[in-house]
Amino acid sequence: MIVGILKEIKVLENRVAMTPAGVEVMVHNKHTVLVENNAGVGSGFTNEEYVAAGATIVETPAEVYAKSDMVMHVKEPQPQEYDMIRKDQIVFTYLHLAADEPQTKALMKAGSINIAYETIQKADGSLPLLTPMSEVAGRMATIQGAMHLAMPAGGRGVLLGGVPGVEPATVIVIGGGIVGINAAKMACGLGAKVYMLDTNLDRLRYLSDVMPANCIPVMSSKPKLRELMAEADLVIGAVLIPGAKAPKLITRDMLSVMKKGSVLVDVAIDQGGCFETSKATTHAEPTYEVDGIVHYCVANMPGAYAKTSTLALTNATLPYAVQIANKGWKKACQENKEIALGLNVVHGKVTFEAVAEAFGLDYTPIASVLA
Ligand SMILES: NC(=O)C1=CN([C@@H]2O[C@H](COP(=O)(O)OP(=O)(O)OC[C@H]3O[C@@H](n4cnc5c(N)ncnc54)[C@H](O)[C@@H]3O)[C@@H](O)[C@H]2O)C=CC1
Ligand SMILES: CC(=O)C(=O)O
Ligand SMILES: [Mg+2]
């Protein structure tokens, strides 16, 4: 198979979908790898390193799309790429379709096979290609929240850990999954008072076992959220219903009980966001203010720490990419249910129920496209 690695074009996105080490593995499996010019530079990999690993450098994204059987990105294809995607081409990347109707329609029109990193799922419910970036984004959420609590950044001037004789800040983490536990670990380490909210009682039991004493896991409910909003200095949104649009848990009226200059970091923004007042921002202009509350809603947070993130992401994606390249998408999906669950749009049909539901489109079960 010919595998094409595209250069990321989202604002200040520095990750790349395959490292030179990954190219070596692909070439060893008898595949041809095309890498767009300078695709790896933001992550510290030169064209020469890719060539030494066996790749061919191509100049333009149009050439990558025109020649590849499977294209790999990190972030979703951008509007200027929609017309380059070919019928029957495999597109393997983060897609986050339930929050993005234009992209869903564009991929349907293209007739491509679109496999989303974020909905590939193991039998135990875990999301192996989302996990590494959730680890990065969770840790980063606390760092960004702490930075934006500084007054020059628009915040209320509270240091997360306080100092001897002065109380620490209160951090609320909504969603106690991978993003949530990583955010809370950092906030606890800095000495904040941390509440973690989740609706899954087993998860709350686990958090209660493993987290330090300054972390308080509590059952998530609207009244509890409303009560905690009044106390919060920093709120981190980290909920997920896999593949679906995020539920809006903090409504605009709830901002009125918050202290002015508090900070909301909506990590779930890639699935549409869990605060009613969230809208996606970029690393170039990451924050805006609503009713005196600072909002940070960057949809590709790990792109800012590209050297760590590219290695973490490609450790996870490569084994799946190799299976798809070795077997073709259909056999890879037939033999590995985890990959089949990544199928979101196939030959114009929406094969992920939550995406179809989000836009009132017809849903086609995966089994019928694999038959
Ligand atoms: N903005 C960015 O750059 C990035 C965003 N993300 C996003 O962060 C979000 C969280 O991802 P993960 O932590 O990996 O997911 P996860 O599946 O590990 O955790 C989600 C948690 O939310 C909980 N939950 C669901 N509904 C809830 C509710 N109503 N109230 C409270 N808790 C609820 C679940 O029980 C689960 O424990 C996803 O939308 C993911 O795509 C992940 C990485 C980077
Ligand atoms: C998961 C995701 O949206 C990201 O890594 O950018
Ligand atoms: Mg997106």
# chains A, B, ... in the order shown; residues from 1 in each chain; ligands from 1

$ residues_near_ligand --ligand "ligand 2" --cutoff "6 Å" --atoms "only C-alpha atoms and all ligand atoms" --output "ChimeraX atom specification"
/A:130,133,270,299-302

$ write_last_selection --atoms "N, CA and C atoms" --output "PDB file, in the first residue's frame"
ATOM      1  N   LEU A 130      -6.902   7.656  21.735  1.00  0.00           N
ATOM      2  CA  LEU A 130      -7.215   8.946  22.368  1.00  0.00           C
ATOM      3  C   LEU A 130      -6.393   9.105  23.647  1.00  0.00           C
ATOM      4  N   MET A 133      -3.124  11.322  23.981  1.00  0.00           N
ATOM      5  CA  MET A 133      -3.334  12.771  23.852  1.00  0.00           C
ATOM      6  C   MET A 133      -4.180  13.317  24.996  1.00  0.00           C
ATOM      7  N   ASP A 270     -13.148  19.487  21.579  1.00  0.00           N
ATOM      8  CA  ASP A 270     -13.043  18.786  20.281  1.00  0.00           C
ATOM      9  C   ASP A 270     -14.317  18.000  19.981  1.00  0.00           C
ATOM     10  N   ALA A 299      -8.808  23.246  20.673  1.00  0.00           N
ATOM     11  CA  ALA A 299      -9.256  21.902  20.270  1.00  0.00           C
ATOM     12  C   ALA A 299      -8.103  20.950  19.964  1.00  0.00           C
ATOM     13  N   ASN A 300      -6.887  21.502  19.883  1.00  0.00           N
ATOM     14  CA  ASN A 300      -5.725  20.629  19.628  1.00  0.00           C
ATOM     15  C   ASN A 300      -4.613  20.970  20.614  1.00  0.00           C
ATOM     16  N   MET A 301      -4.943  20.857  21.886  1.00  0.00           N
ATOM     17  CA  MET A 301      -3.991  21.256  22.925  1.00  0.00           C
ATOM     18  C   MET A 301      -2.623  20.577  22.775  1.00  0.00           C
ATOM     19  N   PRO A 302      -2.568  19.242  22.541  1.00  0.00           N
ATOM     20  CA  PRO A 302      -1.251  18.580  22.519  1.00  0.00           C
ATOM     21  C   PRO A 302      -0.326  19.086  21.421  1.00  0.00           C
TER      22      PRO A 302
END

$ residues_near_ligand --ligand "ligand 1" --cutoff "7 Å" --atoms "only C-alpha atoms and all ligand atoms" --output "compact mmCIF listing (two decimals) with C-alpha atoms, in the first residue's frame"
# COMPACT_ATOMS: atom_id res chain seq x y z
CA GLU A 118 -10.77 8.65 18.80
CA LEU A 130 -7.22 8.95 22.37
CA THR A 131 -5.54 8.02 25.66
CA MET A 133 -3.33 12.77 23.85
CA SER A 134 -5.77 12.89 26.76
CA ALA A 137 -4.17 17.54 27.37
CA ILE A 174 -15.66 17.47 35.51
CA GLY A 175 -15.09 13.95 34.15
CA GLY A 176 -12.70 11.61 35.93
CA GLY A 177 -11.36 9.71 32.91
CA ILE A 178 -7.92 10.05 31.33
CA VAL A 179 -7.97 13.85 30.89
CA GLY A 180 -9.54 14.26 34.33
CA LEU A 197 -16.86 14.82 39.37
CA ASP A 198 -17.99 11.78 37.44
CA THR A 199 -21.24 9.89 36.92
CA ASN A 200 -19.57 6.48 37.09
CA ARG A 203 -14.61 5.22 38.60
CA SER A 220 -21.65 14.57 39.30
CA ALA A 238 -13.11 16.58 30.71
CA VAL A 239 -16.27 14.54 30.03
CA LEU A 240 -16.72 12.15 27.12
CA ILE A 241 -19.43 9.97 25.68
CA PRO A 242 -17.25 8.24 23.04
CA ALA A 246 -20.33 16.48 24.58
CA PRO A 247 -23.22 17.18 27.00
CA LEU A 249 -23.04 20.57 31.78
CA VAL A 267 -10.77 20.12 27.04
CA ALA A 268 -13.91 18.42 25.65
CA ILE A 269 -14.16 21.19 23.04
CA ASP A 270 -13.04 18.79 20.28
CA GLN A 271 -16.39 16.99 20.81
CA CYS A 297 -11.03 26.14 24.51
CA VAL A 298 -8.18 24.95 22.29
CA ALA A 299 -9.26 21.90 20.27
CA ASN A 300 -5.73 20.63 19.63
CA MET A 301 -3.99 21.26 22.93
CA PRO A 302 -1.25 18.58 22.52

$ closest_atom_pairs --of "range 88-189 of chain A" --to "range 323-334 of chain A" --cutoff "10 Å" --atoms "only C-alpha atoms" --output "CSV"
residue,atom,partner,partner_atom,distance
A:Gln89,CA,A:Trp329,CA,9.8
A:Ile90,CA,A:Trp329,CA,7.5
A:Phe92,CA,A:Ile324,CA,9.5
A:Ile113,CA,A:Trp329,CA,8.0
A:Asn114,CA,A:Trp329,CA,9.8
A:Ile115,CA,A:Trp329,CA,9.0

$ select_by_dssp --residues "range 67-127 of chain A" --states "alpha helix (DSSP H)" --output "list in words"
Lys67, Glu101, Pro102, Gln103, Thr104, Lys105, Ala106, Leu107, Met108, Lys109 and Ala110 of chain A

$ residues_near_ligand --ligand "ligand 3" --cutoff "9 Å" --atoms "only C-alpha atoms and all ligand atoms" --output "ChimeraX atom specification"
/A:75-78,94-97,99-100,103,269-272,280,299-300

$ closest_residue --among "A:Thr119, A:Ser112, A:Thr314, A:Thr308" --to "His347 in chain A" --atoms "only C-alpha atoms"
A:Ser112

$ atom_distance --atom1 "CA of Pro20 in chain A" --atom2 "CA of Tyr50 in chain A"
4.9 Å

$ select_by_dssp --residues "range 101-154 of chain A" --states "strand (DSSP E or B)" --output "list in words"
Ile113, Asn114, Ile115 and Ala116 of chain A

$ write_last_selection --atoms "N, CA and C atoms" --output "short mmCIF file (atom, residue, chain, number, x, y, z; two decimals), in the first residue's frame"
data_model
loop_
_atom_site.label_atom_id
_atom_site.label_comp_id
_atom_site.auth_asym_id
_atom_site.auth_seq_id
_atom_site.Cartn_x
_atom_site.Cartn_y
_atom_site.Cartn_z
N ILE A 113 -12.93 6.08 3.01
CA ILE A 113 -13.10 5.21 4.18
C ILE A 113 -12.47 5.98 5.34
N ASN A 114 -13.29 6.46 6.26
CA ASN A 114 -12.77 7.39 7.26
C ASN A 114 -12.74 6.72 8.64
N ILE A 115 -11.52 6.49 9.12
CA ILE A 115 -11.33 5.77 10.38
C ILE A 115 -10.81 6.78 11.41
N ALA A 116 -11.60 7.00 12.45
CA ALA A 116 -11.27 8.02 13.46
C ALA A 116 -10.43 7.41 14.57
#

$ atom_distance --atom1 "CA of Val71 in chain A" --atom2 "CA of Thr93 in chain A"
8.4 Å

$ residues_around --residues "Leu361 in chain A" --least-positions-apart "2" --cutoff "12 Å" --atoms "only C-alpha atoms" --output "number ranges by chain"
A: 98, 101, 104-105, 108, 345, 348-359, 363-364

$ write_last_selection --atoms "N, CA and C atoms" --output "mmCIF file, in the first residue's frame"
data_model
loop_
_atom_site.group_PDB
_atom_site.id
_atom_site.type_symbol
_atom_site.label_atom_id
_atom_site.label_comp_id
_atom_site.auth_asym_id
_atom_site.auth_seq_id
_atom_site.Cartn_x
_atom_site.Cartn_y
_atom_site.Cartn_z
ATOM 1 N N ALA A 98 -18.860 14.290 15.369
ATOM 2 C CA ALA A 98 -20.140 14.667 15.991
ATOM 3 C C ALA A 98 -20.220 16.162 16.291
ATOM 4 N N GLU A 101 -20.411 19.190 11.436
ATOM 5 C CA GLU A 101 -21.304 18.771 10.345
ATOM 6 C C GLU A 101 -20.686 18.990 8.953
ATOM 7 N N THR A 104 -18.363 16.179 8.245
ATOM 8 C CA THR A 104 -19.090 14.908 8.067
ATOM 9 C C THR A 104 -19.633 14.831 6.638
ATOM 10 N N LYS A 105 -20.265 15.920 6.195
ATOM 11 C CA LYS A 105 -20.867 15.935 4.850
ATOM 12 C C LYS A 105 -19.777 15.841 3.777
ATOM 13 N N MET A 108 -18.611 12.317 3.532
ATOM 14 C CA MET A 108 -19.646 11.503 2.862
ATOM 15 C C MET A 108 -19.543 11.708 1.352
ATOM 16 N N VAL A 345 -17.341 7.069 8.641
ATOM 17 C CA VAL A 345 -18.039 7.291 7.369
ATOM 18 C C VAL A 345 -17.366 6.403 6.321
ATOM 19 N N GLY A 348 -19.652 7.111 1.789
ATOM 20 C CA GLY A 348 -20.797 8.026 1.872
ATOM 21 C C GLY A 348 -21.805 7.695 2.948
ATOM 22 N N LYS A 349 -21.612 6.537 3.648
ATOM 23 C CA LYS A 349 -22.579 6.153 4.687
ATOM 24 C C LYS A 349 -22.001 6.424 6.074
ATOM 25 N N VAL A 350 -22.848 6.945 6.969
ATOM 26 C CA VAL A 350 -22.382 7.209 8.333
ATOM 27 C C VAL A 350 -22.496 5.912 9.127
ATOM 28 N N THR A 351 -21.368 5.405 9.609
ATOM 29 C CA THR A 351 -21.339 4.104 10.280
ATOM 30 C C THR A 351 -21.097 4.246 11.786
ATOM 31 N N PHE A 352 -21.183 5.470 12.288
ATOM 32 C CA PHE A 352 -21.069 5.687 13.742
ATOM 33 C C PHE A 352 -22.369 6.347 14.201
ATOM 34 N N GLU A 353 -23.086 5.630 15.078
ATOM 35 C CA GLU A 353 -24.462 6.022 15.389
ATOM 36 C C GLU A 353 -24.561 7.445 15.966
ATOM 37 N N ALA A 354 -23.626 7.793 16.870
ATOM 38 C CA ALA A 354 -23.723 9.112 17.528
ATOM 39 C C ALA A 354 -23.498 10.245 16.529
ATOM 40 N N VAL A 355 -22.751 9.987 15.471
ATOM 41 C CA VAL A 355 -22.525 11.013 14.443
ATOM 42 C C VAL A 355 -23.803 11.179 13.618
ATOM 43 N N ALA A 356 -24.403 10.059 13.236
ATOM 44 C CA ALA A 356 -25.665 10.121 12.481
ATOM 45 C C ALA A 356 -26.722 10.862 13.296
ATOM 46 N N GLU A 357 -26.807 10.513 14.595
ATOM 47 C CA GLU A 357 -27.786 11.145 15.486
ATOM 48 C C GLU A 357 -27.568 12.654 15.580
ATOM 49 N N ALA A 358 -26.291 13.066 15.673
ATOM 50 C CA ALA A 358 -25.980 14.491 15.868
ATOM 51 C C ALA A 358 -26.547 15.347 14.738
ATOM 52 N N PHE A 359 -26.611 14.784 13.527
ATOM 53 C CA PHE A 359 -27.023 15.601 12.374
ATOM 54 C C PHE A 359 -28.281 15.076 11.678
ATOM 55 N N TYR A 363 -28.203 6.129 9.704
ATOM 56 C CA TYR A 363 -27.104 5.356 10.287
ATOM 57 C C TYR A 363 -27.015 3.992 9.615
ATOM 58 N N THR A 364 -25.816 3.605 9.185
ATOM 59 C CA THR A 364 -25.594 2.295 8.586
ATOM 60 C C THR A 364 -24.704 1.483 9.529
#

$ atom_distance --atom1 "CA of Ala39 in chain A" --atom2 "CA of Ile120 in chain A"
24.6 Å

$ closest_residue --among "A:Ala213, A:Ser208, A:Ala53, A:Ala66" --to "His28 in chain A" --atoms "only C-alpha atoms"
A:Ala53

$ closest_residue --among "A:Leu107, A:Val158, A:Met140, A:Leu370" --to "Asn336 in chain A" --atoms "only C-alpha atoms"
A:Leu370
